[in-house]
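Working notes, beginning with the structure itself.
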Amino acid sequence: MDAERIRLARSAAPDAPWRRWGPYLSERQWGTVREDYSADGDAWNSFPHDHARSRAYRWGEDGLGGVSDDKQRLCLSMALWNGRDPILKERPFGLTNGEGNHGEDVKEYYFHLDSTPTHSYLRYLYKYPQAAFPYDDLVRTGAARDRRSFEYELLDTGVFAGDRYFDVFVEYAKAAPDDLLMLVTVANRGPEDAVLHVLPTLWFRNTWSWGQGADRPVMRATGPGVIRAEHHELGAYRLHCSAGVPLLFTENETNHERLHGSRNATPYVKDGIGRHVVGGEAGAVNPELTGTKAAAYHTLTVPAGGEATVRVRLAEEDAHDVEGVRDPLGTADVGDPLGAGFDAVMSARRAEADAFYAGLTSDTMSQDEALVLRRALSGLLWSKQYYLFDVETWLAEHGADPWTRTGQRNHAWYDLDADDILLMPDTWEYPWFAAWDLAFHAVALAMVDPELAKHQIEVLLGERYLHPNGQVPAYEWAFGDVNPPVQAWAARFVDSMDRGLDGAGDLDFVERVFQKLLVNFTWWVNRKDPDGRNVFQGGFLGLDNIGVFDRSAALPTGGTLDQADGTAWMAFYTQTMLQMAAELSDRSPAYEDLAVRFATHFLRISASTDRIGEVKEEMWDEADGFFYDVLRLPGGDAVRLKVRSLVGLLPLCATTVFTPRPDESDARLYHRVREFARRHPDLAAGMSAADRPGVGGRRMLSLLDERKLRRVLARMLDEEEFLSPYGIRSLSRHHAAHPYTFHVDGREYRVEYLPAESDSGMFGGNSNWRGPVWFPVNVLVIRALQHLYAFYGDDFTVECPTGSGHRMTLYQVGEEISARLVRIFLRDAGGRRPVYGGQRTFQEDPHWRDLIQFHEYFHGDDGAGLGAAHQTGWTALVAVLLVMKDRLSAADFRPDDLG
């Protein structure tokens, strides 16, 4: 077992808290709902970037390549100044939702290069121009462009011309759980010597200014290059810096004078260090060398093409002697905090990170594939953030009525009390949890840290998050929105990964999750099937603007919408709950009863997709061979909304194979379900596949019989429809030449294929499900194909691509889609990575071309990365695909390998 896996095994012990320090510091706290104390709920404008350097946050902190403890009491990050910027660079800059022509967008280049699961080693890169940062140009030009124009990016401004920029690498290495080394390496890529001001900055999150009676922590200089930071909960730490470097101190307090024109209680406020460095204000920092925010001020002259370094070390004062700490895993004595021992620990942690990731690859994986896997998982691990949000307190601070709490965002969620390390979709664009994103994050995380992956699934189902009515909170902007219920599948996947690692799995975890999911499943049945017809609604269900209308709003026609995807999600939910109940039936016979209940519920949902009471239209369109949403009008008429999209492909994903076990429980369960179907012959169609055994005696539940399956696959695998060179598109390319239109009261509603950014503002932001490739649903399609293969075997083949004459098994089809997804990130024969699109700098420059970003979604025709640039959550699923390609074949595939 390598050193990092030993740390993972020990990390639960109270005397070895290797997870205590990590990259838990957000890259954007401003512009979030948590920090919005405005009267109109305009979060972006109530706390803009311009305020961030001067205004103390309420619920969290942000920084540039920073770390914090797991309650974000003490933070360590870097600040930079190139001598030309109007402000100190302390956090990434970007456009707000209203400023960007495609929604919010970070306008910086930074990269999460490396991380181990315990963050014993971290590496980060920030590219900093040597010219003044073009803040005004980015805002002005972005505002002048409409949705049909490309985004205006930092490279487009010319600020990197002539390679006049710094590559600022930040590395962290732990000598012990509470002994953190920070090494900043500045590389001057330009043709001339250049000066860079580097300020490793230590500060306390402001917990004392909000009327809670919290003690005020303190920092002070205790010797040349030493800052002592004492906190009533965290204890005392020392930041060791180079002895000759000036130390600057201020307070993490709001500068009311700058923001509001009112008097400050102290002259030393949050932006004091920046004002001192950039504006030369000597009185902005405390000459007594004490405060709640401090920095070590390094001025580096970096030669052209050369490098310079800065090193600091943060260590707990009482845990050990910093001068002689010994690494519990056997590294030599550290000695001088910044001396040879520093280098020894840094080198050891780099080597251990290499060994850890080497354990995830094999000789058959190419060097480029191994790079993609490591960067994907490192980005995922860097997305772990401390998320604090007590909604009841937040509502009270808004003056909301304590009983009704109406009139404020999320007023029905006063029980939500978040205080956890969570994986964010993107630490700048989406620095808050999202329910279905988090489930996919856990699936990827299970490859390297199964225990934390389990926590990510369980946390939103716990009493501090789950609504009393059973709803899972969706995301910060609207907890009451509805995300797809993928937690059950994610739990099974994580457990299967755990079994693969230790051979045992964790049935206690499965039982805990199952009990909580029962509450959420009941909410779905009661709230999203209001007529009791086993046909589900649910609203946008994470697919934003994929539909004709805003599916979360009142329909312009009146009436209701029977959603093919909502119904498919619930069919999938019943299947995974059935799987868990069957597993748990060995513990208690009561679970067998629940397994029967979920099996019969699936049969009812299956029947509903073909036959919906007296409604004239069904979801399944026999002429098209596809599933569609059905609009039910107030007068009783109904019409299919014939948009060929993921909405109609998701019924394929509601497919699960059950491998018979050698005991009698499975036979008894099957007999009980078969007896139910006999008593209800109208449901017998849903038993068709389950009634006959497949390969290896397997049984299957699916919304598609063989005939429907072939017809849906013919569309999905058609390169003129869904099959892109880079995966499955979210909307059929058919709609490029044949847009779908619907007319209501003289207004046209239109859906057409858009392979890149959306031209619709239906959901704002970067929402775009009208053509691009998205990883999460592609992975579920691959899972379904592999389950179908496990049932049908090698005798079932289809044309892939449709019309090519080339036939594949369903396993091979899944491999083909997986290969197309992975291809997005790999260099092609010409050395170009599709993810970079037409960005020549990223494609050709040796200092850029291996800095892979894992975007929110990808161009449906050319694979270019789009949307949030650091969406290393669900796009990190590429690592799962790479490992499965490397280690799994059709011959040894088991259905449980994908949950």
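Labels for the structure tokens follow display order: chains A, B, ..., residues from 1 in each chain, ligands from 1.
Proximity to Gly863 of chain A at 7 Å, evaluated using only C-alpha atoms and with sequence-adjacent residues fewer than 3 positions away removed, yields A:Tyr726, A:Ile824, A:Pro834, A:Val835, A:Phe858, A:His859, A:Gly860.
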I need the residues of segment 344-524 of chain A that end up classed as strand (DSSP E) by DSSP on the backbone, written out as number ranges by chain. A: 384-390, 417-423
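The residue set within 12 Å of Arg258 of chain A, counting only C-alpha atoms and dropping same-chain residues fewer than 4 places from it, reads Asp50, His51, Ala52, Arg53, Ser54, Arg55, Thr254, Ser262, Arg263, Asn264, Pro267, Val269, Lys270, Asp271, Gly272 and Arg275 of chain A.
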Keeping only C-alpha atoms, write the selected residues as a PDB file, in the first residue's frame.
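Here's the written file part05.pdb:
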```pdb
ATOM      1  CA  ASP A  50     -15.396  45.573  -6.570  1.00  0.00           C
ATOM      2  CA  HIS A  51     -16.645  45.116  -2.988  1.00  0.00           C
ATOM      3  CA  ALA A  52     -14.855  41.832  -2.366  1.00  0.00           C
ATOM      4  CA  ARG A  53     -11.483  43.300  -1.426  1.00  0.00           C
ATOM      5  CA  SER A  54     -13.063  45.736   1.056  1.00  0.00           C
ATOM      6  CA  ARG A  55     -16.060  43.950   2.555  1.00  0.00           C
ATOM      7  CA  THR A 254     -15.293  45.920   6.233  1.00  0.00           C
ATOM      8  CA  SER A 262     -19.259  56.056   6.918  1.00  0.00           C
ATOM      9  CA  ARG A 263     -16.539  56.033   9.542  1.00  0.00           C
ATOM     10  CA  ASN A 264     -14.541  52.878  10.247  1.00  0.00           C
ATOM     11  CA  PRO A 267      -8.128  52.367  10.405  1.00  0.00           C
ATOM     12  CA  VAL A 269      -9.540  47.102   7.415  1.00  0.00           C
ATOM     13  CA  LYS A 270      -9.756  44.232   4.938  1.00  0.00           C
ATOM     14  CA  ASP A 271      -8.213  46.064   1.986  1.00  0.00           C
ATOM     15  CA  GLY A 272      -5.425  47.630   4.060  1.00  0.00           C
ATOM     16  CA  ARG A 275      -3.834  49.812  -0.288  1.00  0.00           C
TER      17      ARG A 275
END
```
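Among the candidates A:Glu317, A:Arg28, A:Gly66, A:Leu80, the one nearest to Phe93 of chain A when counting only C-alpha atoms is A:Arg28.
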Filtered DSSP result for segment 411-642 of chain A, state alpha helix (DSSP H), as a compact mmCIF listing (two decimals) with N, CA and C atoms, in the first residue's frame:
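Contents of the output file part-v8.txt:
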```txt
# COMPACT_ATOMS: atom_id res chain seq x y z
N ALA A 435 -27.56 19.28 -6.28
CA ALA A 435 -27.87 17.92 -5.85
C ALA A 435 -27.44 16.86 -6.84
N TRP A 436 -27.83 16.99 -8.11
CA TRP A 436 -27.46 15.88 -9.00
C TRP A 436 -26.01 15.98 -9.42
N ASP A 437 -25.45 17.19 -9.47
CA ASP A 437 -24.01 17.31 -9.70
C ASP A 437 -23.24 16.54 -8.64
N LEU A 438 -23.63 16.74 -7.38
CA LEU A 438 -22.90 16.14 -6.27
C LEU A 438 -22.92 14.62 -6.35
N ALA A 439 -24.03 14.05 -6.82
CA ALA A 439 -24.10 12.59 -6.96
C ALA A 439 -23.08 12.11 -7.99
N PHE A 440 -22.95 12.80 -9.11
CA PHE A 440 -21.96 12.41 -10.10
C PHE A 440 -20.54 12.67 -9.60
N HIS A 441 -20.35 13.74 -8.83
CA HIS A 441 -19.04 13.99 -8.23
C HIS A 441 -18.62 12.79 -7.37
N ALA A 442 -19.58 12.29 -6.59
CA ALA A 442 -19.29 11.16 -5.70
C ALA A 442 -18.88 9.92 -6.49
N VAL A 443 -19.51 9.72 -7.64
CA VAL A 443 -19.17 8.57 -8.48
C VAL A 443 -17.71 8.65 -8.91
N ALA A 444 -17.26 9.82 -9.37
CA ALA A 444 -15.86 9.96 -9.77
C ALA A 444 -14.94 9.90 -8.56
N LEU A 445 -15.34 10.53 -7.46
CA LEU A 445 -14.52 10.55 -6.25
C LEU A 445 -14.29 9.17 -5.68
N PRO A 450 -13.33 6.49 -1.41
CA PRO A 450 -14.70 5.98 -1.24
C PRO A 450 -15.40 6.51 0.01
N GLU A 451 -14.67 6.70 1.09
CA GLU A 451 -15.33 7.15 2.32
C GLU A 451 -15.90 8.56 2.16
N LEU A 452 -15.13 9.46 1.58
CA LEU A 452 -15.65 10.81 1.36
C LEU A 452 -16.76 10.78 0.32
N ALA A 453 -16.67 9.90 -0.67
CA ALA A 453 -17.73 9.78 -1.66
C ALA A 453 -19.05 9.38 -0.99
N LYS A 454 -18.99 8.47 -0.05
CA LYS A 454 -20.20 8.09 0.68
C LYS A 454 -20.78 9.29 1.43
N HIS A 455 -19.91 10.05 2.05
CA HIS A 455 -20.38 11.23 2.78
C HIS A 455 -21.08 12.21 1.85
N GLN A 456 -20.55 12.39 0.64
CA GLN A 456 -21.16 13.34 -0.30
C GLN A 456 -22.57 12.91 -0.67
N ILE A 457 -22.82 11.62 -0.71
CA ILE A 457 -24.16 11.12 -1.01
C ILE A 457 -25.08 11.26 0.19
N GLU A 458 -24.55 10.92 1.35
CA GLU A 458 -25.40 10.92 2.55
C GLU A 458 -25.74 12.32 3.05
N VAL A 459 -24.85 13.28 2.84
CA VAL A 459 -24.99 14.56 3.52
C VAL A 459 -26.29 15.27 3.13
N GLN A 487 -29.35 9.99 -6.67
CA GLN A 487 -28.59 9.63 -5.47
C GLN A 487 -28.57 8.12 -5.24
N ALA A 488 -29.68 7.45 -5.54
CA ALA A 488 -29.74 6.00 -5.31
C ALA A 488 -28.73 5.28 -6.20
N TRP A 489 -28.71 5.63 -7.48
CA TRP A 489 -27.73 5.00 -8.38
C TRP A 489 -26.31 5.33 -7.95
N ALA A 490 -26.05 6.58 -7.59
CA ALA A 490 -24.70 6.97 -7.18
C ALA A 490 -24.27 6.17 -5.95
N ALA A 491 -25.20 5.96 -5.01
CA ALA A 491 -24.87 5.19 -3.80
C ALA A 491 -24.48 3.76 -4.18
N ARG A 492 -25.22 3.17 -5.11
CA ARG A 492 -24.88 1.80 -5.53
C ARG A 492 -23.55 1.77 -6.27
N PHE A 493 -23.28 2.77 -7.08
CA PHE A 493 -22.00 2.80 -7.79
C PHE A 493 -20.85 2.92 -6.79
N VAL A 494 -20.98 3.84 -5.85
CA VAL A 494 -19.92 4.03 -4.86
C VAL A 494 -19.69 2.74 -4.08
N ASP A 495 -20.78 2.08 -3.72
CA ASP A 495 -20.63 0.82 -2.99
C ASP A 495 -19.96 -0.24 -3.86
N SER A 496 -20.27 -0.26 -5.14
CA SER A 496 -19.62 -1.24 -6.02
C SER A 496 -18.14 -0.95 -6.15
N MET A 497 -17.76 0.35 -6.20
CA MET A 497 -16.34 0.72 -6.23
C MET A 497 -15.65 0.29 -4.94
N ASP A 498 -16.34 0.46 -3.83
CA ASP A 498 -15.80 0.05 -2.53
C ASP A 498 -15.57 -1.46 -2.50
N ARG A 499 -16.53 -2.22 -3.02
CA ARG A 499 -16.37 -3.67 -3.08
C ARG A 499 -15.18 -4.04 -3.95
N GLY A 500 -14.99 -3.28 -5.03
CA GLY A 500 -13.86 -3.57 -5.90
C GLY A 500 -12.53 -3.34 -5.21
N LEU A 501 -12.50 -2.41 -4.23
CA LEU A 501 -11.26 -2.10 -3.54
C LEU A 501 -10.96 -3.08 -2.40
N ASP A 502 -12.00 -3.41 -1.61
CA ASP A 502 -11.74 -4.28 -0.45
C ASP A 502 -12.49 -5.60 -0.50
N LEU A 507 -22.52 -2.60 3.52
CA LEU A 507 -23.97 -2.76 3.57
C LEU A 507 -24.60 -1.81 4.59
N ASP A 508 -23.86 -1.42 5.61
CA ASP A 508 -24.39 -0.42 6.55
C ASP A 508 -24.66 0.89 5.83
N PHE A 509 -23.73 1.30 4.97
CA PHE A 509 -23.92 2.51 4.18
C PHE A 509 -25.15 2.37 3.28
N VAL A 510 -25.28 1.25 2.60
CA VAL A 510 -26.43 1.03 1.72
C VAL A 510 -27.73 1.14 2.52
N GLU A 511 -27.75 0.57 3.72
CA GLU A 511 -28.97 0.61 4.52
C GLU A 511 -29.28 2.03 4.98
N ARG A 512 -28.26 2.77 5.41
CA ARG A 512 -28.49 4.15 5.84
C ARG A 512 -29.07 4.98 4.71
N VAL A 513 -28.46 4.85 3.53
CA VAL A 513 -28.92 5.62 2.38
C VAL A 513 -30.32 5.22 1.98
N PHE A 514 -30.57 3.91 1.97
CA PHE A 514 -31.89 3.42 1.56
C PHE A 514 -32.99 4.00 2.45
N GLN A 515 -32.77 4.02 3.73
CA GLN A 515 -33.80 4.52 4.66
C GLN A 515 -34.10 5.99 4.39
N LYS A 516 -33.08 6.76 4.08
CA LYS A 516 -33.29 8.18 3.81
C LYS A 516 -33.93 8.40 2.45
N LEU A 517 -33.54 7.57 1.48
CA LEU A 517 -34.13 7.70 0.15
C LEU A 517 -35.60 7.33 0.13
N LEU A 518 -36.01 6.47 1.05
CA LEU A 518 -37.44 6.15 1.13
C LEU A 518 -38.27 7.41 1.33
N VAL A 519 -37.76 8.33 2.16
CA VAL A 519 -38.47 9.57 2.43
C VAL A 519 -38.54 10.41 1.16
N ASN A 520 -37.40 10.50 0.45
CA ASN A 520 -37.37 11.30 -0.77
C ASN A 520 -38.22 10.67 -1.87
N PHE A 521 -38.20 9.35 -1.98
CA PHE A 521 -39.02 8.68 -3.00
C PHE A 521 -40.50 8.98 -2.76
N THR A 522 -40.90 8.97 -1.51
CA THR A 522 -42.30 9.26 -1.19
C THR A 522 -42.66 10.69 -1.58
N TRP A 523 -41.71 11.62 -1.38
CA TRP A 523 -41.96 13.01 -1.81
C TRP A 523 -42.20 13.06 -3.31
N TRP A 524 -41.39 12.37 -4.08
CA TRP A 524 -41.57 12.35 -5.53
C TRP A 524 -42.95 11.83 -5.91
N VAL A 525 -43.33 10.73 -5.31
CA VAL A 525 -44.61 10.12 -5.66
C VAL A 525 -45.76 11.05 -5.31
N ASN A 526 -45.68 11.71 -4.18
CA ASN A 526 -46.78 12.57 -3.72
C ASN A 526 -46.81 13.92 -4.42
N ARG A 527 -45.65 14.47 -4.76
CA ARG A 527 -45.60 15.83 -5.30
C ARG A 527 -45.52 15.89 -6.82
N ALA A 564 -41.38 12.90 -20.21
CA ALA A 564 -40.76 11.61 -20.49
C ALA A 564 -39.51 11.41 -19.64
N ASP A 565 -38.75 12.50 -19.42
CA ASP A 565 -37.55 12.35 -18.59
C ASP A 565 -37.91 12.18 -17.12
N GLY A 566 -38.88 12.96 -16.63
CA GLY A 566 -39.29 12.81 -15.23
C GLY A 566 -39.78 11.40 -14.95
N THR A 567 -40.57 10.84 -15.88
CA THR A 567 -41.08 9.49 -15.71
C THR A 567 -39.94 8.47 -15.79
N ALA A 568 -38.99 8.70 -16.70
CA ALA A 568 -37.84 7.79 -16.80
C ALA A 568 -36.97 7.85 -15.56
N TRP A 569 -36.75 9.05 -15.03
CA TRP A 569 -35.96 9.15 -13.80
C TRP A 569 -36.59 8.35 -12.67
N MET A 570 -37.91 8.42 -12.58
CA MET A 570 -38.58 7.68 -11.50
C MET A 570 -38.55 6.17 -11.74
N ALA A 571 -38.62 5.76 -13.00
CA ALA A 571 -38.47 4.33 -13.29
C ALA A 571 -37.08 3.85 -12.87
N PHE A 572 -36.07 4.65 -13.18
CA PHE A 572 -34.70 4.34 -12.79
C PHE A 572 -34.57 4.31 -11.27
N TYR A 573 -35.22 5.25 -10.62
CA TYR A 573 -35.20 5.33 -9.15
C TYR A 573 -35.77 4.04 -8.55
N THR A 574 -36.90 3.57 -9.08
CA THR A 574 -37.49 2.34 -8.54
C THR A 574 -36.56 1.16 -8.73
N GLN A 575 -35.85 1.12 -9.86
CA GLN A 575 -34.95 0.00 -10.12
C GLN A 575 -33.80 -0.04 -9.12
N THR A 576 -33.19 1.12 -8.86
CA THR A 576 -32.06 1.13 -7.93
C THR A 576 -32.52 0.89 -6.50
N MET A 577 -33.70 1.38 -6.14
CA MET A 577 -34.25 1.09 -4.80
C MET A 577 -34.57 -0.40 -4.68
N LEU A 578 -35.05 -1.01 -5.75
CA LEU A 578 -35.30 -2.44 -5.74
C LEU A 578 -33.99 -3.21 -5.54
N GLN A 579 -32.95 -2.80 -6.23
CA GLN A 579 -31.65 -3.44 -6.06
C GLN A 579 -31.20 -3.39 -4.60
N MET A 580 -31.28 -2.20 -4.00
CA MET A 580 -30.83 -2.06 -2.62
C MET A 580 -31.71 -2.87 -1.66
N ALA A 581 -33.02 -2.85 -1.87
CA ALA A 581 -33.91 -3.60 -0.99
C ALA A 581 -33.63 -5.09 -1.09
N ALA A 582 -33.37 -5.59 -2.30
CA ALA A 582 -33.07 -7.02 -2.47
C ALA A 582 -31.79 -7.38 -1.73
N GLU A 583 -30.77 -6.51 -1.80
CA GLU A 583 -29.52 -6.76 -1.08
C GLU A 583 -29.76 -6.78 0.43
N LEU A 584 -30.60 -5.86 0.89
CA LEU A 584 -30.83 -5.73 2.33
C LEU A 584 -31.79 -6.78 2.86
N PRO A 589 -36.51 -9.57 6.65
CA PRO A 589 -37.56 -9.89 5.66
C PRO A 589 -38.36 -8.66 5.23
N ALA A 590 -38.37 -7.61 6.07
CA ALA A 590 -39.14 -6.41 5.73
C ALA A 590 -38.64 -5.79 4.43
N TYR A 591 -37.34 -5.94 4.14
CA TYR A 591 -36.80 -5.38 2.91
C TYR A 591 -37.32 -6.11 1.67
N GLU A 592 -37.65 -7.40 1.84
CA GLU A 592 -38.24 -8.11 0.71
C GLU A 592 -39.59 -7.51 0.34
N ASP A 593 -40.37 -7.15 1.35
CA ASP A 593 -41.64 -6.48 1.07
C ASP A 593 -41.43 -5.19 0.31
N LEU A 594 -40.41 -4.43 0.71
CA LEU A 594 -40.13 -3.17 0.01
C LEU A 594 -39.62 -3.43 -1.40
N ALA A 595 -38.84 -4.49 -1.58
CA ALA A 595 -38.39 -4.84 -2.93
C ALA A 595 -39.58 -5.13 -3.83
N VAL A 596 -40.54 -5.86 -3.32
CA VAL A 596 -41.75 -6.14 -4.10
C VAL A 596 -42.46 -4.83 -4.43
N ARG A 597 -42.55 -3.95 -3.45
CA ARG A 597 -43.22 -2.67 -3.66
C ARG A 597 -42.55 -1.88 -4.79
N PHE A 598 -41.21 -1.82 -4.81
CA PHE A 598 -40.53 -1.07 -5.86
C PHE A 598 -40.64 -1.77 -7.21
N ALA A 599 -40.65 -3.08 -7.22
CA ALA A 599 -40.81 -3.80 -8.49
C ALA A 599 -42.19 -3.53 -9.08
N THR A 600 -43.21 -3.56 -8.26
CA THR A 600 -44.56 -3.32 -8.77
C THR A 600 -44.74 -1.86 -9.16
N HIS A 601 -44.05 -0.97 -8.45
CA HIS A 601 -44.13 0.44 -8.83
C HIS A 601 -43.52 0.64 -10.21
N PHE A 602 -42.41 -0.05 -10.47
CA PHE A 602 -41.82 0.05 -11.79
C PHE A 602 -42.80 -0.43 -12.86
N LEU A 603 -43.50 -1.54 -12.60
CA LEU A 603 -44.43 -2.06 -13.60
C LEU A 603 -45.50 -1.02 -13.92
N ARG A 604 -45.95 -0.32 -12.93
CA ARG A 604 -46.98 0.70 -13.17
C ARG A 604 -46.41 1.87 -14.00
N ILE A 605 -45.18 2.28 -13.69
CA ILE A 605 -44.57 3.36 -14.47
C ILE A 605 -44.36 2.90 -15.91
N SER A 606 -43.88 1.68 -16.07
CA SER A 606 -43.64 1.15 -17.40
C SER A 606 -44.92 1.16 -18.23
N ALA A 607 -46.01 0.74 -17.64
CA ALA A 607 -47.28 0.73 -18.36
C ALA A 607 -47.72 2.14 -18.72
N SER A 608 -47.40 3.10 -17.86
CA SER A 608 -47.85 4.47 -18.10
C SER A 608 -47.19 5.11 -19.31
```
